[in-house]
Number of protein chains: 2
Amino acid sequence: MSGMNRRRITSKELAKLAGVSSATISRAFSPDSRIGSATRDRILAVAREHGYQPNAIARSLNNQRSRLVALVVNAIGNPCEAEEQQLLVHRLQARQLLPIILCCADHSDRLQLMRLASTYQVDHVVVFSDMVSMQDAVDIFHTTKPIIVSFEPLENENVSSIRIDGSAAADEIIDKIARDGKKRFAYLSGTNSSWIDKLRRKWFADALAKRGFSFAAQAFGDYSYDSGFKEAVLLLHRDKVDAIICGNDVMAIGARDAARRVLGKNTPDDIAIVGQDGIAMAAWDCNDLTTLSLDHVAFIDAVVELIERHDAEIEGPHSITLTCTARWGSTA
Amino acid sequence: MSGMNRRRITSKELAKLAGVSSATISRAFSPDSRIGSATRDRILAVAREHGYQPNAIARSLNNQRSRLVALVVNAIGNPCEAEEQQLLVHRLQARQLLPIILCCADHSDRLQLMRLASTYQVDHVVVFSDMVSMQDAVDIFHTTKPIIVSFEPLENENVSSIRIDGSAAADEIIDKIARDGKKRFAYLSGTNSSWIDKLRRKWFADALAKRGFSFAAQAFGDYSYDSGFKEAVLLLHRDKVDAIICGNDVMAIGARDAARRVLGKNTPDDIAIVGQDGIAMAAWDCNDLTTLSLDHVAFIDAVVELIERHDAEIEGPHSITLTCTARWGSTA
DNA sequence: ATCGCTTGTGTAAACGTGTACACAAACATT
DNA sequence: AATGTTTGTGTACACGTTTACACAAGCGAT
């Protein structure tokens, strides 16, 4: 019986069935509106009986509020972002907001993808990806004045951003490695031109400079295990480095495997390897990575906080700064 | 200058600016509709100048077609599903369909979440999660007659399903392990009552039965590394098993680590460990897992195929069957 | 009994599109 | 020149809600 009704019933039809006007139907579904409690109960009963649910598309059109949130990410599977994505989706759902995923990694035209999402009148935009420029995002989503959360500290009245400071933790980590006697440092980037990558590299470069060192080599991967493995082989063999700072944890695991399998070198004695992100996998027994980690919960708390401020129509750009901490493992 | 316009312009306003009626605006944006090419060009120029884009919400309301797809998943980060999710999102985006993620794992009321999504008039529903019952999904989404893709072969005119057959591959794997002299087998489930878990266990149970064996022990985890680690310790220590078939690859990695670190046993000599899914991480050098794997690309091809059939309004339920293969690593 | 105030409901107009229908103009056919 | 067909455009309504406004009924105070 329940699965057999074909068409979705509308508020007008339900009104006829309940002997009221369609306005009253709407009121029955709006928490605080003037309606007799007897009427409301009767309407809700009839609605349940006929499987009526207000049409969110029509409501959005009328309200000028879609309750949709665009999540711009690099990729879904990528462990670096996945934990944050998961947390955020959970928090959004708890607030009755629905996330639309925009996946940049393998989409040919990222701008077109964002334009498509913008036609759906999303209420908020959260940019996790470092593959899109903030300026592009602002240009595309400016009309609805959504919030745009990002690492990149673009100053704009439409943009709220989260800033990350890992300089202190990077300093701690470099200190330990230098004291262990390592001399030739390499930085293995995840991309060759992203804002976040430059920032992270700078933390470590500054920490090195403070001690009279600088990077002896630099390589570029793509945040993947394979690229970490491949580039590490080159760095160790060609450049003879004895410490590799990686752009993320996954590449660090690849680099560690390369050192062990291809070169026969072990951490932390022969070589030091450092990751970044602090993903759960880094703490697995088989990895036990030393990594510059960010508290994911705090990060998502900050994102939600910014979204709430935007919902409450507090004006102006906002920014929250978070500091990273070192997670100590057996690789450095 | 581009970021300064506040309000989104409507088709009527653009009509005034271009000296036409709003109907003509609509026609300019509909690929094949009767409109003079000169008019169209002029309209598109004016539209670009003023940053006009048709409002997808209004269009959806009028069209009775939202181009939204609900993706019901367990979790986002979970590597078991992540690769498929990533592929599917990519394919959907290429077809100008926007995915809405429904994340079941930590949401208290999954049915309410699905009801929320259903009010957005999604065109299709893809269920990856084994945490929701198909019958519930059908009851909630029946009104719009969307496609529901799932492992669970529920017979219903609204449901299309993908069936998975891993019996042959399971047989191959058990054959190898038994020939290696292993005698006491354990099955480590990911959940204690999901349809897919029962199916997978049956493949291996049948292969064992064929050779006169049966599972000497059974344990229940939650698809996580930690649960794999913890349950494996118990299985090895208490139940003295020498082969563990795991519900997914992540638990298998946890089990392998437990064997090595806690019990000092190595694969494949002391103990055999088998995963399931065939995620990319299983092939990493540090894991090199033997696993019953599914071709992710073929799987998503099948999903997209079913969605296309539904779009083309071909009637009736559809089903596609895929067979798994064994990936041989050094753990069994 | 009159006046205010509250409560509950209906009417009608938005919200921004797509499209059936009508119609004029241009053009091809006899 | 009359007729039929194609092309391009405008008018008006539908899609399913929400909400400002109007209004009637109920109620307490004078």
# chains A, B, ... in the order shown; residues from 1 in each chain; ligands from 1

call {"tool": "interface_residues", "arguments": {"of": "chain D", "to": "chain A", "cutoff": "9 Å", "atoms": "only C-alpha atoms (C1' of nucleotides)", "output": "ChimeraX atom specification"}}
result
/D:15-19

call {"tool": "closest_atom_pairs", "arguments": {"of": "chain A", "to": "chain B", "cutoff": "7 Å", "atoms": "only C-alpha atoms", "output": "Markdown table"}}
result
| residue | atom | partner | partner_atom | distance |
| --- | --- | --- | --- | --- |
| A:Ser2 | CA | B:Asp139 | CA | 6.3 |
| A:Gly3 | CA | B:Asp139 | CA | 5.4 |
| A:Asn5 | CA | B:Thr143 | CA | 6.5 |
| A:Arg6 | CA | B:Thr143 | CA | 5.3 |
| A:Arg7 | CA | B:Thr143 | CA | 5.5 |
| A:Arg8 | CA | B:Thr143 | CA | 5.3 |
| A:Gln53 | CA | B:Thr119 | CA | 6.5 |
| A:Pro54 | CA | B:Thr119 | CA | 6.6 |
| A:Asn55 | CA | B:Thr119 | CA | 5.2 |
| A:Ala56 | CA | B:Tyr120 | CA | 5.0 |
| A:Ile57 | CA | B:Tyr120 | CA | 5.6 |
| A:Ala58 | CA | B:Leu61 | CA | 6.2 |
| A:Leu61 | CA | B:Ala58 | CA | 6.2 |
| A:Ala75 | CA | B:Gln86 | CA | 6.6 |
| A:Ile76 | CA | B:Gln86 | CA | 5.4 |
| A:Gly77 | CA | B:Ala82 | CA | 4.4 |
| A:Pro79 | CA | B:Gly77 | CA | 6.3 |
| A:Ala82 | CA | B:Gly77 | CA | 4.4 |
| A:Glu83 | CA | B:Gly77 | CA | 5.6 |
| A:Gln85 | CA | B:Ile76 | CA | 7.0 |
| A:Gln86 | CA | B:Ile76 | CA | 5.4 |
| A:His90 | CA | B:His107 | CA | 6.8 |
| A:Leu98 | CA | B:Ile100 | CA | 6.8 |
| A:Pro99 | CA | B:Ile100 | CA | 5.8 |
| A:Ile100 | CA | B:Ile100 | CA | 4.7 |
| A:Ile101 | CA | B:Pro99 | CA | 6.1 |
| A:Cys103 | CA | B:His90 | CA | 7.0 |
| A:Asp106 | CA | B:His90 | CA | 6.9 |
| A:His107 | CA | B:His90 | CA | 6.8 |
| A:Thr119 | CA | B:Ala56 | CA | 5.1 |
| A:Tyr120 | CA | B:Ala56 | CA | 5.0 |
| A:Val138 | CA | B:Gly3 | CA | 6.7 |
| A:Asp139 | CA | B:Gly3 | CA | 5.4 |
| A:His142 | CA | B:Gly3 | CA | 5.7 |
| A:Thr143 | CA | B:Arg8 | CA | 5.2 |
| A:Thr144 | CA | B:Arg7 | CA | 6.8 |
| A:Asp257 | CA | B:Cys286 | CA | 6.4 |
| A:Asp285 | CA | B:Asp257 | CA | 6.7 |
| A:Cys286 | CA | B:Asp257 | CA | 6.3 |

call {"tool": "write_last_selection", "arguments": {"atoms": "N, CA and C atoms", "output": "CSV table (one decimal), in the first residue's frame"}}
result
chain,number,residue,atom,x,y,z
A,2,SER,N,1.9,1.3,0.8
A,2,SER,CA,2.7,2.5,0.9
A,2,SER,C,3.4,2.8,-0.4
A,3,GLY,N,3.9,1.8,-1.0
A,3,GLY,CA,4.8,2.0,-2.1
A,3,GLY,C,4.1,2.2,-3.4
A,5,ASN,N,1.4,4.5,-4.3
A,5,ASN,CA,1.0,5.8,-4.8
A,5,ASN,C,2.0,6.4,-5.8
A,6,ARG,N,1.6,6.9,-6.9
A,6,ARG,CA,2.5,7.3,-7.8
A,6,ARG,C,2.9,8.8,-7.6
A,7,ARG,N,2.0,9.7,-7.7
A,7,ARG,CA,2.3,11.1,-7.8
A,7,ARG,C,2.4,11.6,-6.3
A,8,ARG,N,3.2,12.6,-6.2
A,8,ARG,CA,3.4,13.3,-5.0
A,8,ARG,C,2.2,14.3,-4.8
A,53,GLN,N,4.6,15.7,2.0
A,53,GLN,CA,5.7,16.4,2.6
A,53,GLN,C,5.8,17.7,1.8
A,54,PRO,N,6.0,18.9,2.4
A,54,PRO,CA,6.1,20.1,1.6
A,54,PRO,C,7.3,20.0,0.6
A,55,ASN,N,7.1,20.6,-0.5
A,55,ASN,CA,8.1,20.5,-1.6
A,55,ASN,C,9.2,21.6,-1.4
A,56,ALA,N,10.4,21.0,-1.1
A,56,ALA,CA,11.5,21.9,-0.7
A,56,ALA,C,11.9,22.8,-1.8
A,57,ILE,N,11.7,22.4,-3.1
A,57,ILE,CA,12.1,23.2,-4.2
A,57,ILE,C,11.2,24.5,-4.3
A,58,ALA,N,9.9,24.2,-4.2
A,58,ALA,CA,9.0,25.4,-4.2
A,58,ALA,C,9.2,26.3,-3.0
A,61,LEU,N,12.2,28.4,-3.6
A,61,LEU,CA,11.9,29.5,-4.5
A,61,LEU,C,11.3,30.7,-3.8
A,75,ALA,N,39.0,15.9,-3.9
A,75,ALA,CA,38.5,14.5,-4.2
A,75,ALA,C,37.8,14.0,-3.0
A,76,ILE,N,37.0,13.0,-3.1
A,76,ILE,CA,36.3,12.5,-2.0
A,76,ILE,C,37.1,11.5,-1.2
A,77,GLY,N,37.8,10.6,-1.9
A,77,GLY,CA,38.5,9.5,-1.2
A,77,GLY,C,39.7,10.0,-0.5
A,79,PRO,N,42.3,10.9,1.8
A,79,PRO,CA,42.2,10.8,3.3
A,79,PRO,C,42.5,12.2,3.9
A,82,ALA,N,39.2,13.9,3.8
A,82,ALA,CA,38.0,13.0,4.0
A,82,ALA,C,37.5,13.2,5.4
A,83,GLU,N,38.4,13.2,6.4
A,83,GLU,CA,37.9,13.3,7.8
A,83,GLU,C,37.2,14.6,8.0
A,85,GLN,N,35.7,16.4,5.7
A,85,GLN,CA,34.4,16.3,4.9
A,85,GLN,C,33.4,15.6,5.7
A,86,GLN,N,33.8,14.5,6.2
A,86,GLN,CA,32.8,13.7,7.0
A,86,GLN,C,32.3,14.4,8.2
A,90,HIS,N,28.3,15.8,8.6
A,90,HIS,CA,27.5,15.4,9.8
A,90,HIS,C,26.9,16.6,10.4
A,98,LEU,N,21.6,20.6,3.5
A,98,LEU,CA,22.1,19.5,2.6
A,98,LEU,C,23.3,19.9,1.8
A,99,PRO,N,24.4,19.0,1.9
A,99,PRO,CA,25.6,19.3,1.2
A,99,PRO,C,25.6,18.9,-0.3
A,100,ILE,N,26.0,19.7,-1.2
A,100,ILE,CA,26.2,19.3,-2.6
A,100,ILE,C,27.7,19.3,-2.8
A,101,ILE,N,28.2,18.1,-3.3
A,101,ILE,CA,29.6,18.0,-3.4
A,101,ILE,C,30.1,18.4,-4.8
A,103,CYS,N,33.4,18.2,-6.9
A,103,CYS,CA,34.6,17.5,-6.9
A,103,CYS,C,35.5,18.0,-8.0
A,106,ASP,N,39.0,15.7,-11.0
A,106,ASP,CA,39.1,15.2,-12.3
A,106,ASP,C,38.0,15.9,-13.2
A,107,HIS,N,37.6,17.0,-12.8
A,107,HIS,CA,36.6,17.7,-13.6
A,107,HIS,C,37.3,18.7,-14.5
A,119,THR,N,23.8,28.2,-9.7
A,119,THR,CA,22.4,28.4,-10.2
A,119,THR,C,21.4,27.7,-9.2
A,120,TYR,N,21.9,26.8,-8.4
A,120,TYR,CA,20.9,26.2,-7.4
A,120,TYR,C,20.8,27.1,-6.2
A,138,VAL,N,34.7,33.7,-5.6
A,138,VAL,CA,33.9,34.9,-5.2
A,138,VAL,C,33.2,35.5,-6.4
A,139,ASP,N,33.9,35.5,-7.6
A,139,ASP,CA,33.2,36.0,-8.8
A,139,ASP,C,32.0,35.2,-9.1
A,142,HIS,N,29.2,35.5,-6.0
A,142,HIS,CA,29.0,36.8,-5.3
A,142,HIS,C,27.6,37.2,-5.2
A,143,THR,N,26.8,36.8,-6.1
A,143,THR,CA,25.4,37.3,-6.2
A,143,THR,C,24.6,36.9,-5.0
A,144,THR,N,24.8,35.7,-4.5
A,144,THR,CA,24.0,35.3,-3.3
A,144,THR,C,24.6,35.6,-2.0
A,257,ASP,N,57.9,4.1,2.6
A,257,ASP,CA,58.0,2.8,2.0
A,257,ASP,C,59.2,2.7,1.0
A,285,ASP,N,49.2,1.6,13.6
A,285,ASP,CA,50.5,1.0,14.1
A,285,ASP,C,51.5,0.8,13.0
A,286,CYS,N,51.1,0.5,11.8
A,286,CYS,CA,52.0,0.2,10.7
A,286,CYS,C,52.6,1.5,10.2

call {"tool": "select_by_dssp", "arguments": {"residues": "region 52-300 of chain B", "states": "alpha helix (DSSP H)", "output": "PyMOL selection string"}}
result
chain B and resi 56-63+79-94+110-118+134-141+167-179+195-210+225-238+249-258+296-300

call {"tool": "closest_atom_pairs", "arguments": {"of": "chain C", "to": "chain A", "cutoff": "8 Å", "atoms": "only C-alpha atoms (C1' of nucleotides)", "output": "Markdown table"}}
result
| residue | atom | partner | partner_atom | distance |
| --- | --- | --- | --- | --- |
| C:DT7 | C1' | A:Arg34 | CA | 7.5 |
| C:DG8 | C1' | A:Ile35 | CA | 5.9 |
| C:DT9 | C1' | A:Thr24 | CA | 7.3 |
| C:DG10 | C1' | A:Ser21 | CA | 6.6 |
| C:DA14 | C1' | A:Asn62 | CA | 7.9 |
| C:DC15 | C1' | A:Asn62 | CA | 4.4 |
| C:DG16 | C1' | A:Leu61 | CA | 7.6 |

call {"tool": "write_last_selection", "arguments": {"atoms": "C-alpha atoms (C1' of nucleotides)", "output": "PDB file, in the first residue's frame"}}
result
ATOM      1  C1'  DT C   7      -6.676  34.156  17.579  1.00  0.00           C
ATOM      2  C1'  DG C   8      -7.577  31.551  13.515  1.00  0.00           C
ATOM      3  C1'  DT C   9      -8.440  31.334   8.760  1.00  0.00           C
ATOM      4  C1'  DG C  10      -9.033  32.565   3.725  1.00  0.00           C
ATOM      5  C1'  DA C  14       4.577  36.799  -5.086  1.00  0.00           C
ATOM      6  C1'  DC C  15       9.134  33.646  -6.026  1.00  0.00           C
ATOM      7  C1'  DG C  16      11.671  32.784 -11.400  1.00  0.00           C
TER       8       DG C  16
END

call {"tool": "residues_around", "arguments": {"residues": "Val126 (chain A)", "least_positions_apart": "5", "cutoff": "10 Å", "atoms": "only C-alpha atoms (C1' of nucleotides)", "output": "list in words"}}
result
Val69, Ala70, Leu71, Val72, Val73, Leu88, Pro99, Ile101, Ala137, Pro146, Ile147, Ile148, Val149, Ser150, Ser160, Ser161, Val303 and Ile307 of chain A

call {"tool": "select_by_dssp", "arguments": {"residues": "region 47-118 of chain B", "states": "strand (DSSP E or B)", "output": "list of chain:residue names"}}
result
B:Leu68, B:Val69, B:Ala70, B:Leu71, B:Val72, B:Val73, B:Leu98, B:Pro99, B:Ile100, B:Ile101, B:Leu102, B:Cys103

call {"tool": "residues_around", "arguments": {"residues": "region 208-220 of chain B", "least_positions_apart": "2", "cutoff": "12 Å", "atoms": "only C-alpha atoms (C1' of nucleotides)", "output": "CSV table (one decimal) with C-alpha atoms, in the first residue's frame"}}
result
chain,number,residue,atom,x,y,z
B,167,SER,CA,31.9,-16.9,-5.1
B,170,ALA,CA,36.4,-16.7,-2.8
B,171,ASP,CA,36.9,-20.3,-3.9
B,172,GLU,CA,40.2,-19.5,-5.5
B,173,ILE,CA,41.4,-17.8,-2.4
B,174,ILE,CA,40.3,-20.5,0.0
B,175,ASP,CA,41.9,-23.1,-2.3
B,176,LYS,CA,45.2,-21.4,-2.0
B,177,ILE,CA,45.1,-21.0,1.7
B,178,ALA,CA,44.0,-24.5,2.4
B,179,ARG,CA,46.7,-25.8,0.2
B,182,LYS,CA,45.9,-23.6,7.1
B,183,LYS,CA,43.2,-25.3,9.2
B,184,ARG,CA,41.4,-22.9,11.5
B,185,PHE,CA,39.5,-20.2,9.6
B,186,ALA,CA,37.8,-17.1,11.1
B,187,TYR,CA,35.4,-14.6,9.6
B,188,LEU,CA,35.6,-11.0,10.8
B,189,SER,CA,32.4,-9.2,9.9
B,190,GLY,CA,32.1,-5.5,9.4
B,191,THR,CA,28.6,-5.3,10.7
B,192,ASN,CA,26.5,-7.9,12.5
B,193,SER,CA,23.4,-7.7,10.3
B,194,SER,CA,23.9,-6.2,6.9
B,197,ASP,CA,28.1,-8.8,4.9
B,198,LYS,CA,26.0,-12.0,5.0
B,201,ARG,CA,30.5,-14.5,4.4
B,202,LYS,CA,28.5,-17.0,2.4
B,203,TRP,CA,30.9,-17.0,-0.5
B,204,PHE,CA,33.7,-18.0,1.8
B,205,ALA,CA,31.6,-20.4,3.9
B,206,ASP,CA,30.6,-22.2,0.7
B,222,ASP,CA,32.8,-2.0,12.5
B,223,TYR,CA,34.9,-1.8,9.2
B,224,SER,CA,37.5,0.2,11.0
B,227,SER,CA,38.2,-2.9,15.2
B,228,GLY,CA,40.2,-5.1,12.9
B,229,PHE,CA,43.2,-4.8,15.2
B,230,LYS,CA,41.3,-5.5,18.3
B,231,GLU,CA,39.2,-8.4,17.1
B,232,ALA,CA,42.2,-10.1,15.5
B,233,VAL,CA,44.0,-10.1,18.8
B,234,LEU,CA,41.1,-12.0,20.3
B,235,LEU,CA,40.8,-14.4,17.4
B,236,LEU,CA,44.4,-15.3,17.3
B,237,HIS,CA,44.9,-15.6,21.0
B,238,ARG,CA,41.7,-17.0,22.2
B,239,ASP,CA,40.5,-19.0,19.2
B,240,LYS,CA,44.0,-20.0,17.8
B,241,VAL,CA,42.9,-19.5,14.2
B,242,ASP,CA,45.5,-19.4,11.4
B,243,ALA,CA,43.4,-17.7,8.8
B,244,ILE,CA,41.2,-14.6,9.0
B,245,ILE,CA,38.8,-13.5,6.3
B,246,CYS,CA,38.0,-9.9,6.8
B,247,GLY,CA,34.9,-8.0,5.8
B,248,ASN,CA,36.9,-5.3,4.2
B,251,MET,CA,40.1,-4.3,8.9
B,255,ALA,CA,44.4,-7.6,11.7
